[in-house]
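Just coords_11.cif here, mmCIF, C-alpha atoms:
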data_target
#
loop_
_atom_site.group_PDB
_atom_site.id
_atom_site.type_symbol
_atom_site.label_atom_id
_atom_site.label_comp_id
_atom_site.auth_asym_id
_atom_site.auth_seq_id
_atom_site.Cartn_x
_atom_site.Cartn_y
_atom_site.Cartn_z
ATOM 1 C CA MET A 289 -25.163 -18.780 31.207
ATOM 2 C CA ASN A 290 -21.389 -19.092 31.149
ATOM 3 C CA LYS A 291 -18.947 -17.046 33.177
ATOM 4 C CA VAL A 292 -16.985 -15.504 30.313
ATOM 5 C CA ARG A 293 -18.168 -11.975 31.092
ATOM 6 C CA TYR A 294 -17.559 -12.479 34.815
ATOM 7 C CA TYR A 295 -13.992 -13.664 34.312
ATOM 8 C CA ARG A 296 -13.328 -10.976 31.704
ATOM 9 C CA LEU A 297 -14.498 -8.285 34.111
ATOM 10 C CA ILE A 298 -12.547 -9.566 37.119
ATOM 11 C CA SER A 299 -9.496 -9.666 34.841
ATOM 12 C CA GLY A 300 -10.095 -5.990 34.014
ATOM 13 C CA LEU A 301 -10.451 -6.713 30.301
ATOM 14 C CA LEU A 302 -12.641 -5.063 27.722
ATOM 15 C CA LEU A 303 -14.051 -7.204 24.921
ATOM 16 C CA LYS A 304 -11.396 -5.786 22.589
ATOM 17 C CA ASP A 305 -8.671 -6.836 25.042
ATOM 18 C CA LEU A 306 -10.030 -10.373 25.217
ATOM 19 C CA SER A 307 -10.285 -10.366 21.443
ATOM 20 C CA GLU A 308 -6.602 -9.478 21.144
ATOM 21 C CA LYS A 309 -5.610 -12.201 23.624
ATOM 22 C CA THR A 310 -7.695 -14.931 22.004
ATOM 23 C CA GLY A 311 -7.724 -14.024 18.324
ATOM 24 C CA LEU A 312 -11.531 -14.185 18.367
ATOM 25 C CA SER A 313 -13.541 -11.245 17.070
ATOM 26 C CA VAL A 314 -15.264 -8.883 19.470
ATOM 27 C CA GLY A 315 -18.610 -9.802 17.910
ATOM 28 C CA HIS A 316 -17.996 -13.516 18.331
ATOM 29 C CA LEU A 317 -16.957 -13.048 21.956
ATOM 30 C CA SER A 318 -20.039 -10.933 22.595
ATOM 31 C CA HIS A 319 -22.259 -13.701 21.233
ATOM 32 C CA ILE A 320 -20.469 -16.252 23.439
ATOM 33 C CA GLU A 321 -20.864 -14.038 26.519
ATOM 34 C CA ASN A 322 -24.562 -13.584 25.825
ATOM 35 C CA GLY A 323 -25.129 -17.285 25.245
ATOM 36 C CA ASN A 324 -26.071 -16.807 21.592
ATOM 37 C CA LYS A 325 -23.223 -18.976 20.284
ATOM 38 C CA GLN A 326 -21.601 -22.118 21.589
ATOM 39 C CA PRO A 327 -17.823 -21.745 21.337
ATOM 40 C CA SER A 328 -15.602 -24.430 19.860
ATOM 41 C CA LYS A 329 -13.304 -26.387 22.140
ATOM 42 C CA SER A 330 -10.307 -24.338 20.981
ATOM 43 C CA ALA A 331 -12.198 -21.083 21.578
ATOM 44 C CA MET A 332 -13.127 -22.217 25.094
ATOM 45 C CA GLU A 333 -9.496 -23.082 25.802
ATOM 46 C CA SER A 334 -8.275 -19.717 24.459
ATOM 47 C CA ILE A 335 -10.812 -17.777 26.507
ATOM 48 C CA ALA A 336 -10.112 -19.699 29.723
ATOM 49 C CA LEU A 337 -6.366 -19.224 29.305
ATOM 50 C CA ALA A 338 -6.782 -15.508 28.574
ATOM 51 C CA VAL A 339 -8.783 -14.931 31.770
ATOM 52 C CA GLY A 340 -6.570 -17.144 33.921
ATOM 53 C CA SER A 341 -9.054 -19.907 34.603
ATOM 54 C CA THR A 342 -10.089 -23.328 33.338
ATOM 55 C CA VAL A 343 -12.626 -24.406 30.729
ATOM 56 C CA PRO A 344 -14.837 -26.207 33.297
ATOM 57 C CA GLU A 345 -14.871 -23.201 35.623
ATOM 58 C CA VAL A 346 -15.647 -20.677 32.882
ATOM 59 C CA PHE A 347 -18.118 -22.703 30.834
ATOM 60 C CA TYR A 348 -19.648 -25.387 33.044
ATOM 61 C CA THR A 349 -19.949 -23.872 36.506
ATOM 62 C CA PRO A 350 -22.993 -21.652 37.119
ATOM 63 C CA LEU A 351 -22.617 -18.116 38.392
ATOM 64 C CA THR A 352 -23.275 -17.775 42.107
ATOM 65 C CA ALA A 353 -25.426 -14.976 43.481
ATOM 66 C CA GLU A 354 -22.279 -13.320 44.829
ATOM 67 C CA GLU A 355 -20.575 -13.509 41.424
ATOM 68 C CA LYS A 356 -23.626 -12.001 39.732
ATOM 69 C CA GLU A 357 -23.595 -9.101 42.179
ATOM 70 C CA GLU A 358 -19.849 -8.614 41.781
ATOM 71 C CA MET A 359 -20.207 -8.740 37.993
ATOM 72 C CA GLU A 360 -22.763 -5.908 38.037
ATOM 73 C CA HIS A 361 -20.401 -3.754 40.068
ATOM 74 C CA LEU A 362 -17.372 -4.632 37.930
ATOM 75 C CA GLY A 363 -19.304 -4.000 34.727
ATOM 76 C CA ASP A 364 -20.016 -0.463 35.843
ATOM 77 C CA GLU A 365 -16.324 0.111 36.644
ATOM 78 C CA VAL A 366 -15.053 -1.307 33.358
ATOM 79 C CA ASP A 367 -17.705 0.385 31.230
ATOM 80 C CA ASN A 368 -17.103 3.759 32.896
ATOM 81 C CA GLY A 369 -13.330 3.579 32.669
#
What would the structure in this file look like if it were written as structure tokens?
Amino acid sequence: MNKVRYYRLISGLLLKDLSEKTGLSVGHLSHIENGNKQPSKSAMESIALAVGSTVPEVFYTPLTAEEKEEMEHLGDEVDNG
């Protein structure tokens, strides 16, 4: 699992916000977040730049237990406004 959702949430972005920043569709980003699609190199670079991180950190570093817990909490905040 990549960290796209984690970095999107800690950046306070909705999928539509990330879509606007990257030029990638919401559906495509959702598939990337869920691990259903492997992004192209340019898509990885766009996403990493948009969330203020690097490609290796977002796509090649596993989520820690602390990040998973934080992501659950952040997801609730973002989803509930």
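Residues near the point (-13.7, -20.2, 23.9), at a distance of 8 Å or less over all atoms listed in the file, make up Ile320, Pro327, Ser328, Lys329, Ser330, Ala331, Met332, Glu333, Ser334, Ile335 and Ala336 of chain A.
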Please evaluate the PyMOL selection byres ((chain A and resi 351) around 9) against the displayed coordinates and give the resulting residues as a tab-separated table (two decimals) with C-alpha atoms, in the frame of the given file.
chain	number	residue	atom	x	y	z
A	289	MET	CA	-25.16	-18.78	31.21
A	290	ASN	CA	-21.39	-19.09	31.15
A	291	LYS	CA	-18.95	-17.05	33.18
A	294	TYR	CA	-17.56	-12.48	34.82
A	349	THR	CA	-19.95	-23.87	36.51
A	350	PRO	CA	-22.99	-21.65	37.12
A	352	THR	CA	-23.28	-17.77	42.11
A	353	ALA	CA	-25.43	-14.98	43.48
A	354	GLU	CA	-22.28	-13.32	44.83
A	355	GLU	CA	-20.58	-13.51	41.42
A	356	LYS	CA	-23.63	-12.00	39.73
Quick one: residues within 9 Å of segment 296-303 of chain A, only C-alpha atoms counted, chain neighbours fewer than 5 positions away excluded, as a PyMOL selection string?
chain A and resi 291+308+313-315+317-318+335+338-340+358-359+362-363+365-367
Distance of atom CA of Asp305 of chain A from atom CA of Gln326 of chain A, expressed in Å to one decimal place
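Atom-to-atom, atom CA of Gln326 of chain A and atom CA of Asp305 of chain A are spaced 20.3 Å apart.
Put simply, atom CA of Val292 of chain A is 9.0 Å away from atom CA of Asn322 of chain A.
Atom to atom, atom CA of Asn324 of chain A and atom CA of Lys304 of chain A stand 18.4 Å apart.
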Could you pull segment 335-351 of chain A out of the structure I just pasted and write it to a file containing all heavy atoms, as a PDB file, in the first residue's frame?
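Output file selection.pdb is given in full below:
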ATOM      1  N   ILE A 335       1.897  13.780  -7.961  1.00  0.00           N
ATOM      2  CA  ILE A 335       1.258  13.531  -6.659  1.00  0.00           C
ATOM      3  C   ILE A 335       2.207  13.911  -5.526  1.00  0.00           C
ATOM      4  O   ILE A 335       1.822  14.610  -4.587  1.00  0.00           O
ATOM      5  CB  ILE A 335       0.808  12.060  -6.546  1.00  0.00           C
ATOM      6  CG1 ILE A 335      -0.344  11.794  -7.523  1.00  0.00           C
ATOM      7  CG2 ILE A 335       0.405  11.724  -5.111  1.00  0.00           C
ATOM      8  CD1 ILE A 335      -0.653  10.315  -7.727  1.00  0.00           C
ATOM      9  N   ALA A 336       3.447  13.458  -5.599  1.00  0.00           N
ATOM     10  CA  ALA A 336       4.418  13.763  -4.541  1.00  0.00           C
ATOM     11  C   ALA A 336       4.605  15.266  -4.394  1.00  0.00           C
ATOM     12  O   ALA A 336       4.627  15.795  -3.270  1.00  0.00           O
ATOM     13  CB  ALA A 336       5.746  13.071  -4.832  1.00  0.00           C
ATOM     14  N   LEU A 337       4.728  15.966  -5.502  1.00  0.00           N
ATOM     15  CA  LEU A 337       4.884  17.419  -5.463  1.00  0.00           C
ATOM     16  C   LEU A 337       3.659  18.079  -4.836  1.00  0.00           C
ATOM     17  O   LEU A 337       3.777  18.973  -3.991  1.00  0.00           O
ATOM     18  CB  LEU A 337       5.119  17.953  -6.875  1.00  0.00           C
ATOM     19  CG  LEU A 337       5.290  19.464  -7.014  1.00  0.00           C
ATOM     20  CD1 LEU A 337       6.566  19.921  -6.305  1.00  0.00           C
ATOM     21  CD2 LEU A 337       5.350  19.864  -8.474  1.00  0.00           C
ATOM     22  N   ALA A 338       2.482  17.624  -5.217  1.00  0.00           N
ATOM     23  CA  ALA A 338       1.232  18.212  -4.722  1.00  0.00           C
ATOM     24  C   ALA A 338       1.062  18.048  -3.216  1.00  0.00           C
ATOM     25  O   ALA A 338       0.460  18.907  -2.568  1.00  0.00           O
ATOM     26  CB  ALA A 338       0.040  17.608  -5.454  1.00  0.00           C
ATOM     27  N   VAL A 339       1.584  16.956  -2.660  1.00  0.00           N
ATOM     28  CA  VAL A 339       1.447  16.728  -1.214  1.00  0.00           C
ATOM     29  C   VAL A 339       2.698  17.120  -0.439  1.00  0.00           C
ATOM     30  O   VAL A 339       2.799  16.891   0.762  1.00  0.00           O
ATOM     31  CB  VAL A 339       1.036  15.271  -0.884  1.00  0.00           C
ATOM     32  CG1 VAL A 339      -0.318  14.941  -1.484  1.00  0.00           C
ATOM     33  CG2 VAL A 339       2.097  14.272  -1.329  1.00  0.00           C
ATOM     34  N   GLY A 340       3.666  17.707  -1.129  1.00  0.00           N
ATOM     35  CA  GLY A 340       4.858  18.219  -0.460  1.00  0.00           C
ATOM     36  C   GLY A 340       5.826  17.157   0.008  1.00  0.00           C
ATOM     37  O   GLY A 340       6.462  17.311   1.048  1.00  0.00           O
ATOM     38  N   SER A 341       5.943  16.084  -0.739  1.00  0.00           N
ATOM     39  CA  SER A 341       6.848  15.009  -0.355  1.00  0.00           C
ATOM     40  C   SER A 341       7.631  14.548  -1.585  1.00  0.00           C
ATOM     41  O   SER A 341       7.694  15.246  -2.586  1.00  0.00           O
ATOM     42  CB  SER A 341       6.063  13.859   0.265  1.00  0.00           C
ATOM     43  OG  SER A 341       6.941  12.942   0.883  1.00  0.00           O
ATOM     44  N   THR A 342       8.241  13.378  -1.452  1.00  0.00           N
ATOM     45  CA  THR A 342       9.038  12.818  -2.541  1.00  0.00           C
ATOM     46  C   THR A 342       8.411  11.521  -3.037  1.00  0.00           C
ATOM     47  O   THR A 342       7.659  10.864  -2.311  1.00  0.00           O
ATOM     48  CB  THR A 342      10.471  12.510  -2.070  1.00  0.00           C
ATOM     49  OG1 THR A 342      10.412  11.486  -1.067  1.00  0.00           O
ATOM     50  CG2 THR A 342      11.157  13.748  -1.501  1.00  0.00           C
ATOM     51  N   VAL A 343       8.740  11.153  -4.266  1.00  0.00           N
ATOM     52  CA  VAL A 343       8.226   9.902  -4.830  1.00  0.00           C
ATOM     53  C   VAL A 343       8.604   8.706  -3.953  1.00  0.00           C
ATOM     54  O   VAL A 343       7.739   7.894  -3.614  1.00  0.00           O
ATOM     55  CB  VAL A 343       8.689   9.719  -6.291  1.00  0.00           C
ATOM     56  CG1 VAL A 343       8.382   8.315  -6.794  1.00  0.00           C
ATOM     57  CG2 VAL A 343       8.036  10.758  -7.187  1.00  0.00           C
ATOM     58  N   PRO A 344       9.876   8.559  -3.542  1.00  0.00           N
ATOM     59  CA  PRO A 344      10.207   7.391  -2.709  1.00  0.00           C
ATOM     60  C   PRO A 344       9.412   7.345  -1.404  1.00  0.00           C
ATOM     61  O   PRO A 344       8.952   6.284  -0.989  1.00  0.00           O
ATOM     62  CB  PRO A 344      11.701   7.558  -2.430  1.00  0.00           C
ATOM     63  CG  PRO A 344      12.208   8.385  -3.558  1.00  0.00           C
ATOM     64  CD  PRO A 344      11.077   9.320  -3.891  1.00  0.00           C
ATOM     65  N   GLU A 345       9.232   8.496  -0.774  1.00  0.00           N
ATOM     66  CA  GLU A 345       8.504   8.509   0.501  1.00  0.00           C
ATOM     67  C   GLU A 345       7.038   8.151   0.302  1.00  0.00           C
ATOM     68  O   GLU A 345       6.471   7.384   1.082  1.00  0.00           O
ATOM     69  CB  GLU A 345       8.627   9.877   1.176  1.00  0.00           C
ATOM     70  CG  GLU A 345       7.948   9.962   2.513  1.00  0.00           C
ATOM     71  CD  GLU A 345       8.455   8.999   3.565  1.00  0.00           C
ATOM     72  OE1 GLU A 345       9.654   8.665   3.579  1.00  0.00           O
ATOM     73  OE2 GLU A 345       7.642   8.558   4.399  1.00  0.00           O
ATOM     74  N   VAL A 346       6.417   8.667  -0.732  1.00  0.00           N
ATOM     75  CA  VAL A 346       4.987   8.436  -0.953  1.00  0.00           C
ATOM     76  C   VAL A 346       4.703   7.036  -1.488  1.00  0.00           C
ATOM     77  O   VAL A 346       3.743   6.391  -1.087  1.00  0.00           O
ATOM     78  CB  VAL A 346       4.397   9.496  -1.911  1.00  0.00           C
ATOM     79  CG1 VAL A 346       2.928   9.203  -2.228  1.00  0.00           C
ATOM     80  CG2 VAL A 346       4.534  10.894  -1.327  1.00  0.00           C
ATOM     81  N   PHE A 347       5.572   6.543  -2.377  1.00  0.00           N
ATOM     82  CA  PHE A 347       5.246   5.305  -3.083  1.00  0.00           C
ATOM     83  C   PHE A 347       6.063   4.084  -2.682  1.00  0.00           C
ATOM     84  O   PHE A 347       5.676   2.967  -2.993  1.00  0.00           O
ATOM     85  CB  PHE A 347       5.357   5.522  -4.599  1.00  0.00           C
ATOM     86  CG  PHE A 347       4.282   6.426  -5.119  1.00  0.00           C
ATOM     87  CD1 PHE A 347       4.515   7.779  -5.279  1.00  0.00           C
ATOM     88  CD2 PHE A 347       3.028   5.936  -5.411  1.00  0.00           C
ATOM     89  CE1 PHE A 347       3.516   8.631  -5.737  1.00  0.00           C
ATOM     90  CE2 PHE A 347       2.019   6.764  -5.863  1.00  0.00           C
ATOM     91  CZ  PHE A 347       2.270   8.113  -6.026  1.00  0.00           C
ATOM     92  N   TYR A 348       7.184   4.270  -2.007  1.00  0.00           N
ATOM     93  CA  TYR A 348       8.045   3.120  -1.733  1.00  0.00           C
ATOM     94  C   TYR A 348       8.369   2.908  -0.266  1.00  0.00           C
ATOM     95  O   TYR A 348       9.129   2.000   0.066  1.00  0.00           O
ATOM     96  CB  TYR A 348       9.345   3.232  -2.548  1.00  0.00           C
ATOM     97  CG  TYR A 348       9.082   3.280  -4.032  1.00  0.00           C
ATOM     98  CD1 TYR A 348       9.286   4.440  -4.761  1.00  0.00           C
ATOM     99  CD2 TYR A 348       8.580   2.159  -4.704  1.00  0.00           C
ATOM    100  CE1 TYR A 348       9.023   4.489  -6.123  1.00  0.00           C
ATOM    101  CE2 TYR A 348       8.315   2.204  -6.068  1.00  0.00           C
ATOM    102  CZ  TYR A 348       8.545   3.370  -6.768  1.00  0.00           C
ATOM    103  OH  TYR A 348       8.275   3.414  -8.106  1.00  0.00           O
ATOM    104  N   THR A 349       7.801   3.718   0.602  1.00  0.00           N
ATOM    105  CA  THR A 349       8.023   3.565   2.031  1.00  0.00           C
ATOM    106  C   THR A 349       6.719   3.110   2.670  1.00  0.00           C
ATOM    107  O   THR A 349       5.695   3.773   2.512  1.00  0.00           O
ATOM    108  CB  THR A 349       8.466   4.907   2.658  1.00  0.00           C
ATOM    109  OG1 THR A 349       9.610   5.375   1.966  1.00  0.00           O
ATOM    110  CG2 THR A 349       8.792   4.736   4.127  1.00  0.00           C
ATOM    111  N   PRO A 350       6.727   1.978   3.376  1.00  0.00           N
ATOM    112  CA  PRO A 350       5.479   1.476   3.964  1.00  0.00           C
ATOM    113  C   PRO A 350       4.945   2.393   5.070  1.00  0.00           C
ATOM    114  O   PRO A 350       5.699   3.101   5.728  1.00  0.00           O
ATOM    115  CB  PRO A 350       5.861   0.114   4.545  1.00  0.00           C
ATOM    116  CG  PRO A 350       7.314  -0.042   4.382  1.00  0.00           C
ATOM    117  CD  PRO A 350       7.859   1.118   3.640  1.00  0.00           C
ATOM    118  N   LEU A 351       3.641   2.366   5.227  1.00  0.00           N
ATOM    119  CA  LEU A 351       3.007   3.085   6.324  1.00  0.00           C
ATOM    120  C   LEU A 351       3.422   2.468   7.651  1.00  0.00           C
ATOM    121  O   LEU A 351       3.429   1.246   7.800  1.00  0.00           O
ATOM    122  CB  LEU A 351       1.487   2.990   6.214  1.00  0.00           C
ATOM    123  CG  LEU A 351       0.780   3.934   5.260  1.00  0.00           C
ATOM    124  CD1 LEU A 351      -0.644   3.455   5.031  1.00  0.00           C
ATOM    125  CD2 LEU A 351       0.797   5.343   5.784  1.00  0.00           C
TER     126      LEU A 351
END
